[in-house]
Amino acid sequence: MGDAWAWAGRRIRPATPDGLLVATARSFNRAPGTVRITGGTIKGRKLDVPAGDGVRPTTDRARETLFNVLTNRFRKPGGSSVLAGARVLDAFAGTGAMGLEAWSRGADFVAFVEAQSTHFATLCDNLRAAKLPTDAGTALRNHEGLKTTDRSIDIIIADPPYEQGQALLTALLARQSALWHADTLLVWEHPRGGGTEAGFDGWEPVHQTLSGKTAFSFFTQGT
């Protein structure tokens, strides 16, 4: 594992502010609960959930629903799942469950971005506990750090704070546009009936899946 997650559990100084994409740090308390990976090579792995306001991990059932759709509905030309060998961005990572689920189910590389420093510490703990290889992922404090990975992104999984979701995701898609390619798939988690009609400039809605009060909207880049 090297030193990739050696900073986990320590106080991390915030990186240079990235506008809307960097949050203010709060004091850290140990996790009040856990979530589980629902499929793949590390199925059943428990991940800590940080305590405090603003913590809203996707439920295991909703995450399983999402990844069943990614596995079965979205296919590469040869018939394999879009997750197989994919480069994934877990854009508002929190616990890291979305990105680790993707890696467990076949993704080749995951970039985890979490701006809140106490959540970032828990994220690093979870990556280390899951034994994520150092060449299979990176943990970043803001989206500007994505430029250092020198990798384009095949799948963006975005679960931003619901009340700021559209604005945060719009900013991310515009600022990091050089990382997307013609076949990049965007998955946006938002409240069911939360009003996604505005969409995102240059992105076309192609599917939506519902799970309880949660909705997952899928987009590809328009031609």
# chains A, B, ... in the order shown; residues from 1 in each chain; ligands from 1
>>> select_by_dssp(residues="chain A", states="strand (DSSP E or B)", output="ChimeraX atom specification")
/A:33-36,46-49,75,81,87-90,109-113,137-140,153-158,180-191,203-211,214-221
>>> select_by_dssp(residues="range 67-191 of chain A", states="alpha helix (DSSP H)", output="mmCIF file with N, CA and C atoms, in the first residue's frame")
data_model
loop_
_atom_site.group_PDB
_atom_site.id
_atom_site.type_symbol
_atom_site.label_atom_id
_atom_site.label_comp_id
_atom_site.auth_asym_id
_atom_site.auth_seq_id
_atom_site.Cartn_x
_atom_site.Cartn_y
_atom_site.Cartn_z
ATOM 1 N N PHE A 67 -25.830 0.575 -9.397
ATOM 2 C CA PHE A 67 -24.786 -0.226 -10.040
ATOM 3 C C PHE A 67 -25.352 -1.401 -10.821
ATOM 4 N N ASN A 68 -26.517 -1.871 -10.472
ATOM 5 C CA ASN A 68 -27.183 -2.863 -11.317
ATOM 6 C C ASN A 68 -27.540 -2.258 -12.667
ATOM 7 N N VAL A 69 -27.963 -0.989 -12.661
ATOM 8 C CA VAL A 69 -28.259 -0.301 -13.924
ATOM 9 C C VAL A 69 -26.981 -0.117 -14.736
ATOM 10 N N LEU A 70 -25.921 0.354 -14.090
ATOM 11 C CA LEU A 70 -24.656 0.543 -14.803
ATOM 12 C C LEU A 70 -24.148 -0.771 -15.387
ATOM 13 N N THR A 71 -24.327 -1.857 -14.654
ATOM 14 C CA THR A 71 -23.824 -3.155 -15.102
ATOM 15 C C THR A 71 -24.654 -3.729 -16.235
ATOM 16 N N ASN A 72 -25.967 -3.581 -16.159
ATOM 17 C CA ASN A 72 -26.855 -4.290 -17.081
ATOM 18 C C ASN A 72 -27.393 -3.451 -18.234
ATOM 19 N N ALA A 97 -17.931 5.292 -0.837
ATOM 20 C CA ALA A 97 -18.674 4.077 -1.180
ATOM 21 C C ALA A 97 -18.961 3.965 -2.671
ATOM 22 N N MET A 98 -19.302 5.071 -3.320
ATOM 23 C CA MET A 98 -19.600 5.014 -4.752
ATOM 24 C C MET A 98 -18.370 4.566 -5.543
ATOM 25 N N GLY A 99 -17.242 5.212 -5.290
ATOM 26 C CA GLY A 99 -16.034 4.866 -6.025
ATOM 27 C C GLY A 99 -15.531 3.470 -5.714
ATOM 28 N N LEU A 100 -15.594 3.071 -4.446
ATOM 29 C CA LEU A 100 -15.168 1.722 -4.082
ATOM 30 C C LEU A 100 -16.102 0.665 -4.663
ATOM 31 N N GLU A 101 -17.385 0.980 -4.747
ATOM 32 C CA GLU A 101 -18.329 0.064 -5.399
ATOM 33 C C GLU A 101 -17.949 -0.109 -6.867
ATOM 34 N N ALA A 102 -17.595 0.999 -7.523
ATOM 35 C CA ALA A 102 -17.184 0.930 -8.926
ATOM 36 C C ALA A 102 -15.929 0.080 -9.085
ATOM 37 N N TRP A 103 -14.945 0.300 -8.209
ATOM 38 C CA TRP A 103 -13.705 -0.486 -8.283
ATOM 39 C C TRP A 103 -13.986 -1.960 -8.003
ATOM 40 N N SER A 104 -14.812 -2.243 -7.006
ATOM 41 C CA SER A 104 -15.165 -3.617 -6.670
ATOM 42 C C SER A 104 -15.810 -4.336 -7.845
ATOM 43 N N SER A 117 -12.706 18.440 5.352
ATOM 44 C CA SER A 117 -11.505 17.784 5.859
ATOM 45 C C SER A 117 -11.771 16.611 6.788
ATOM 46 N N THR A 118 -12.786 16.684 7.632
ATOM 47 C CA THR A 118 -13.055 15.539 8.503
ATOM 48 C C THR A 118 -13.603 14.356 7.711
ATOM 49 N N HIS A 119 -14.410 14.631 6.706
ATOM 50 C CA HIS A 119 -14.900 13.565 5.840
ATOM 51 C C HIS A 119 -13.751 12.967 5.035
ATOM 52 N N PHE A 120 -12.805 13.812 4.640
ATOM 53 C CA PHE A 120 -11.647 13.343 3.880
ATOM 54 C C PHE A 120 -10.833 12.340 4.698
ATOM 55 N N ALA A 121 -10.688 12.601 5.994
ATOM 56 C CA ALA A 121 -9.954 11.673 6.855
ATOM 57 C C ALA A 121 -10.644 10.312 6.896
ATOM 58 N N THR A 122 -11.979 10.312 7.014
ATOM 59 C CA THR A 122 -12.722 9.054 7.003
ATOM 60 C C THR A 122 -12.603 8.365 5.652
ATOM 61 N N LEU A 123 -12.666 9.145 4.571
ATOM 62 C CA LEU A 123 -12.486 8.588 3.230
ATOM 63 C C LEU A 123 -11.164 7.832 3.133
ATOM 64 N N CYS A 124 -10.087 8.454 3.588
ATOM 65 C CA CYS A 124 -8.774 7.808 3.512
ATOM 66 C C CYS A 124 -8.727 6.543 4.359
ATOM 67 N N ASP A 125 -9.352 6.576 5.532
ATOM 68 C CA ASP A 125 -9.457 5.368 6.357
ATOM 69 C C ASP A 125 -10.163 4.246 5.587
ATOM 70 N N ASN A 126 -11.242 4.595 4.905
ATOM 71 C CA ASN A 126 -12.016 3.591 4.176
ATOM 72 C C ASN A 126 -11.238 3.017 2.996
ATOM 73 N N LEU A 127 -10.500 3.860 2.288
ATOM 74 C CA LEU A 127 -9.704 3.370 1.159
ATOM 75 C C LEU A 127 -8.623 2.416 1.646
ATOM 76 N N ARG A 128 -8.023 2.745 2.763
ATOM 77 C CA ARG A 128 -6.989 1.876 3.324
ATOM 78 C C ARG A 128 -7.600 0.557 3.791
ATOM 79 N N ALA A 129 -8.755 0.613 4.465
ATOM 80 C CA ALA A 129 -9.409 -0.608 4.951
ATOM 81 C C ALA A 129 -9.840 -1.517 3.800
ATOM 82 N N GLY A 165 -26.852 21.002 -5.415
ATOM 83 C CA GLY A 165 -26.429 20.024 -6.398
ATOM 84 C C GLY A 165 -26.239 20.542 -7.802
ATOM 85 N N GLN A 166 -27.259 21.238 -8.336
ATOM 86 C CA GLN A 166 -27.181 21.699 -9.719
ATOM 87 C C GLN A 166 -26.034 22.682 -9.908
ATOM 88 N N ALA A 167 -25.873 23.625 -8.990
ATOM 89 C CA ALA A 167 -24.814 24.630 -9.114
ATOM 90 C C ALA A 167 -23.431 24.002 -9.004
ATOM 91 N N LEU A 168 -23.241 23.110 -8.031
ATOM 92 C CA LEU A 168 -21.942 22.467 -7.855
ATOM 93 C C LEU A 168 -21.563 21.626 -9.058
ATOM 94 N N LEU A 169 -22.509 20.875 -9.573
ATOM 95 C CA LEU A 169 -22.213 19.999 -10.696
ATOM 96 C C LEU A 169 -22.007 20.789 -11.982
ATOM 97 N N THR A 170 -22.773 21.851 -12.169
ATOM 98 C CA THR A 170 -22.572 22.716 -13.338
ATOM 99 C C THR A 170 -21.162 23.290 -13.346
ATOM 100 N N ALA A 171 -20.703 23.758 -12.181
ATOM 101 C CA ALA A 171 -19.351 24.313 -12.078
ATOM 102 C C ALA A 171 -18.299 23.254 -12.373
ATOM 103 N N LEU A 172 -18.468 22.062 -11.824
ATOM 104 C CA LEU A 172 -17.506 20.986 -12.060
ATOM 105 C C LEU A 172 -17.421 20.628 -13.540
ATOM 106 N N LEU A 173 -18.563 20.450 -14.185
ATOM 107 C CA LEU A 173 -18.572 20.040 -15.589
ATOM 108 C C LEU A 173 -17.897 21.071 -16.480
ATOM 109 N N ALA A 174 -18.067 22.353 -16.150
ATOM 110 C CA ALA A 174 -17.455 23.413 -16.954
ATOM 111 C C ALA A 174 -15.957 23.523 -16.697
ATOM 112 N N ARG A 175 -15.557 23.493 -15.439
ATOM 113 C CA ARG A 175 -14.152 23.734 -15.085
ATOM 114 C C ARG A 175 -13.231 22.590 -15.490
#
>>> closest_residue(among="A:Ala84, A:Ala182, A:Leu132, A:Val55", to="Gly202 in chain A", atoms="only C-alpha atoms")
A:Ala182
>>> closest_residue(among="A:Leu146, A:Leu83, A:Ala130, A:Leu66", to="Ser217 in chain A", atoms="only C-alpha atoms")
A:Leu66
>>> residues_around(residues="Asp48 in chain A", least_positions_apart="3", cutoff="7 Å", atoms="only C-alpha atoms", output="PyMOL selection string")
chain A and resi 31+33-35+95+122+126
>>> write_last_selection(atoms="N, CA and C atoms", output="PDB file, in the first residue's frame")
ATOM      1  N   ALA A  31     -17.202   7.719  13.356  1.00  0.00           N
ATOM      2  CA  ALA A  31     -18.386   7.389  12.584  1.00  0.00           C
ATOM      3  C   ALA A  31     -19.503   6.836  13.456  1.00  0.00           C
ATOM      4  N   GLY A  33     -21.972   5.121  12.211  1.00  0.00           N
ATOM      5  CA  GLY A  33     -22.530   3.961  11.549  1.00  0.00           C
ATOM      6  C   GLY A  33     -21.669   3.536  10.385  1.00  0.00           C
ATOM      7  N   THR A  34     -22.186   2.599   9.598  1.00  0.00           N
ATOM      8  CA  THR A  34     -21.440   2.087   8.464  1.00  0.00           C
ATOM      9  C   THR A  34     -22.357   1.907   7.266  1.00  0.00           C
ATOM     10  N   VAL A  35     -21.737   1.821   6.092  1.00  0.00           N
ATOM     11  CA  VAL A  35     -22.407   1.369   4.877  1.00  0.00           C
ATOM     12  C   VAL A  35     -21.606   0.180   4.358  1.00  0.00           C
ATOM     13  N   THR A  95     -17.928   9.029   2.054  1.00  0.00           N
ATOM     14  CA  THR A  95     -17.345   7.783   2.554  1.00  0.00           C
ATOM     15  C   THR A  95     -16.467   7.080   1.527  1.00  0.00           C
ATOM     16  N   THR A 122     -11.979  10.312   7.014  1.00  0.00           N
ATOM     17  CA  THR A 122     -12.722   9.054   7.003  1.00  0.00           C
ATOM     18  C   THR A 122     -12.603   8.365   5.652  1.00  0.00           C
ATOM     19  N   ASN A 126     -11.242   4.595   4.905  1.00  0.00           N
ATOM     20  CA  ASN A 126     -12.016   3.591   4.176  1.00  0.00           C
ATOM     21  C   ASN A 126     -11.238   3.017   2.996  1.00  0.00           C
TER      22      ASN A 126
END
>>> residues_around(residues="Pro77 in chain A", least_positions_apart="4", cutoff="12 Å", atoms="only C-alpha atoms", output="list in words")
Ser81, Val82 and Asp183 of chain A
>>> write_last_selection(atoms="N, CA and C atoms", output="mmCIF file, in the first residue's frame")
data_model
loop_
_atom_site.group_PDB
_atom_site.id
_atom_site.type_symbol
_atom_site.label_atom_id
_atom_site.label_comp_id
_atom_site.auth_asym_id
_atom_site.auth_seq_id
_atom_site.Cartn_x
_atom_site.Cartn_y
_atom_site.Cartn_z
ATOM 1 N N SER A 81 -19.711 -4.571 -19.563
ATOM 2 C CA SER A 81 -20.233 -3.467 -18.762
ATOM 3 C C SER A 81 -19.360 -2.228 -18.913
ATOM 4 N N VAL A 82 -19.986 -1.054 -18.830
ATOM 5 C CA VAL A 82 -19.207 0.187 -18.898
ATOM 6 C C VAL A 82 -18.244 0.299 -17.721
ATOM 7 N N ASP A 183 -17.603 9.835 -24.992
ATOM 8 C CA ASP A 183 -18.409 8.755 -24.428
ATOM 9 C C ASP A 183 -18.504 8.799 -22.904
#
>>> closest_residue(among="A:Leu179, A:Lys76, A:Glu163, A:Thr41", to="Ala111 in chain A", atoms="only C-alpha atoms")
A:Leu179
>>> residues_around(residues="Ala215 in chain A", least_positions_apart="5", cutoff="9 Å", atoms="only C-alpha atoms", output="PyMOL selection string")
chain A and resi 62+188-194+208-210
>>> residues_around(residues="Phe112 in chain A", least_positions_apart="3", cutoff="8 Å", atoms="only C-alpha atoms", output="ChimeraX atom specification")
/A:89-93,96,99,137-140
>>> write_last_selection(atoms="N, CA and C atoms", output="tab-separated table (two decimals), in the first residue's frame")
chain	number	residue	atom	x	y	z
A	89	LEU	N	-14.73	8.95	-11.71
A	89	LEU	CA	-14.62	10.06	-10.76
A	89	LEU	C	-15.76	9.95	-9.76
A	90	ASP	N	-15.42	9.78	-8.48
A	90	ASP	CA	-16.38	9.88	-7.38
A	90	ASP	C	-16.30	11.33	-6.93
A	91	ALA	N	-17.18	12.17	-7.48
A	91	ALA	CA	-16.97	13.62	-7.48
A	91	ALA	C	-17.20	14.29	-6.13
A	92	PHE	N	-18.07	13.76	-5.32
A	92	PHE	CA	-18.34	14.29	-3.98
A	92	PHE	C	-18.33	13.07	-3.06
A	93	ALA	N	-17.14	12.57	-2.75
A	93	ALA	CA	-16.95	11.18	-2.36
A	93	ALA	C	-17.52	10.81	-0.99
A	96	GLY	N	-16.64	7.42	0.24
A	96	GLY	CA	-15.95	6.72	-0.83
A	96	GLY	C	-16.70	5.50	-1.33
A	99	GLY	N	-17.24	5.21	-5.29
A	99	GLY	CA	-16.03	4.87	-6.02
A	99	GLY	C	-15.53	3.47	-5.71
A	137	GLY	N	-6.29	4.20	-7.50
A	137	GLY	CA	-7.08	5.33	-7.04
A	137	GLY	C	-6.25	6.43	-6.44
A	138	THR	N	-6.87	7.59	-6.31
A	138	THR	CA	-6.25	8.73	-5.66
A	138	THR	C	-7.31	9.49	-4.89
A	139	ALA	N	-6.94	10.06	-3.75
A	139	ALA	CA	-7.86	10.85	-2.93
A	139	ALA	C	-7.42	12.31	-2.99
A	140	LEU	N	-8.35	13.19	-3.35
A	140	LEU	CA	-8.04	14.60	-3.58
A	140	LEU	C	-8.96	15.48	-2.75
>>> closest_atom_pairs(of="range 163-218 of chain A", to="range 152-158 of chain A", cutoff="6 Å", atoms="only C-alpha atoms", output="JSON lines")
{"residue": "A:Leu179", "atom": "CA", "partner": "A:Ser152", "partner_atom": "CA", "distance": 4.6}
{"residue": "A:Trp180", "atom": "CA", "partner": "A:Ile153", "partner_atom": "CA", "distance": 5.6}
{"residue": "A:Thr184", "atom": "CA", "partner": "A:Asp154", "partner_atom": "CA", "distance": 4.6}
{"residue": "A:Leu185", "atom": "CA", "partner": "A:Ile155", "partner_atom": "CA", "distance": 4.8}
{"residue": "A:Leu186", "atom": "CA", "partner": "A:Ile156", "partner_atom": "CA", "distance": 4.7}
{"residue": "A:Val187", "atom": "CA", "partner": "A:Ile157", "partner_atom": "CA", "distance": 4.9}
{"residue": "A:Trp188", "atom": "CA", "partner": "A:Ala158", "partner_atom": "CA", "distance": 4.9}
>>> write_last_selection(atoms="N, CA and C atoms", output="tab-separated table (two decimals), in the first residue's frame")
chain	number	residue	atom	x	y	z
A	179	LEU	N	-11.26	16.89	-19.11
A	179	LEU	CA	-11.14	15.51	-18.66
A	179	LEU	C	-12.23	14.60	-19.22
A	180	TRP	N	-13.28	15.18	-19.81
A	180	TRP	CA	-14.36	14.37	-20.34
A	180	TRP	C	-14.09	14.06	-21.81
A	184	THR	N	-18.05	9.89	-22.28
A	184	THR	CA	-18.14	9.99	-20.82
A	184	THR	C	-19.60	9.94	-20.38
A	185	LEU	N	-19.87	9.14	-19.37
A	185	LEU	CA	-21.22	9.00	-18.81
A	185	LEU	C	-21.27	9.72	-17.47
A	186	LEU	N	-22.27	10.57	-17.31
A	186	LEU	CA	-22.49	11.30	-16.05
A	186	LEU	C	-23.67	10.70	-15.31
A	187	VAL	N	-23.48	10.40	-14.03
A	187	VAL	CA	-24.56	9.92	-13.16
A	187	VAL	C	-24.73	10.94	-12.03
A	188	TRP	N	-25.91	11.51	-11.93
A	188	TRP	CA	-26.20	12.52	-10.91
A	188	TRP	C	-27.24	11.98	-9.94
>>> atom_distance(atom1="CA of Ser211 in chain A", atom2="CA of Arg63 in chain A")
8.8 Å
>>> closest_residue(among="A:Lys213, A:Arg56, A:Arg151, A:His207", to="Gly94 in chain A", atoms="only C-alpha atoms")
A:Arg56
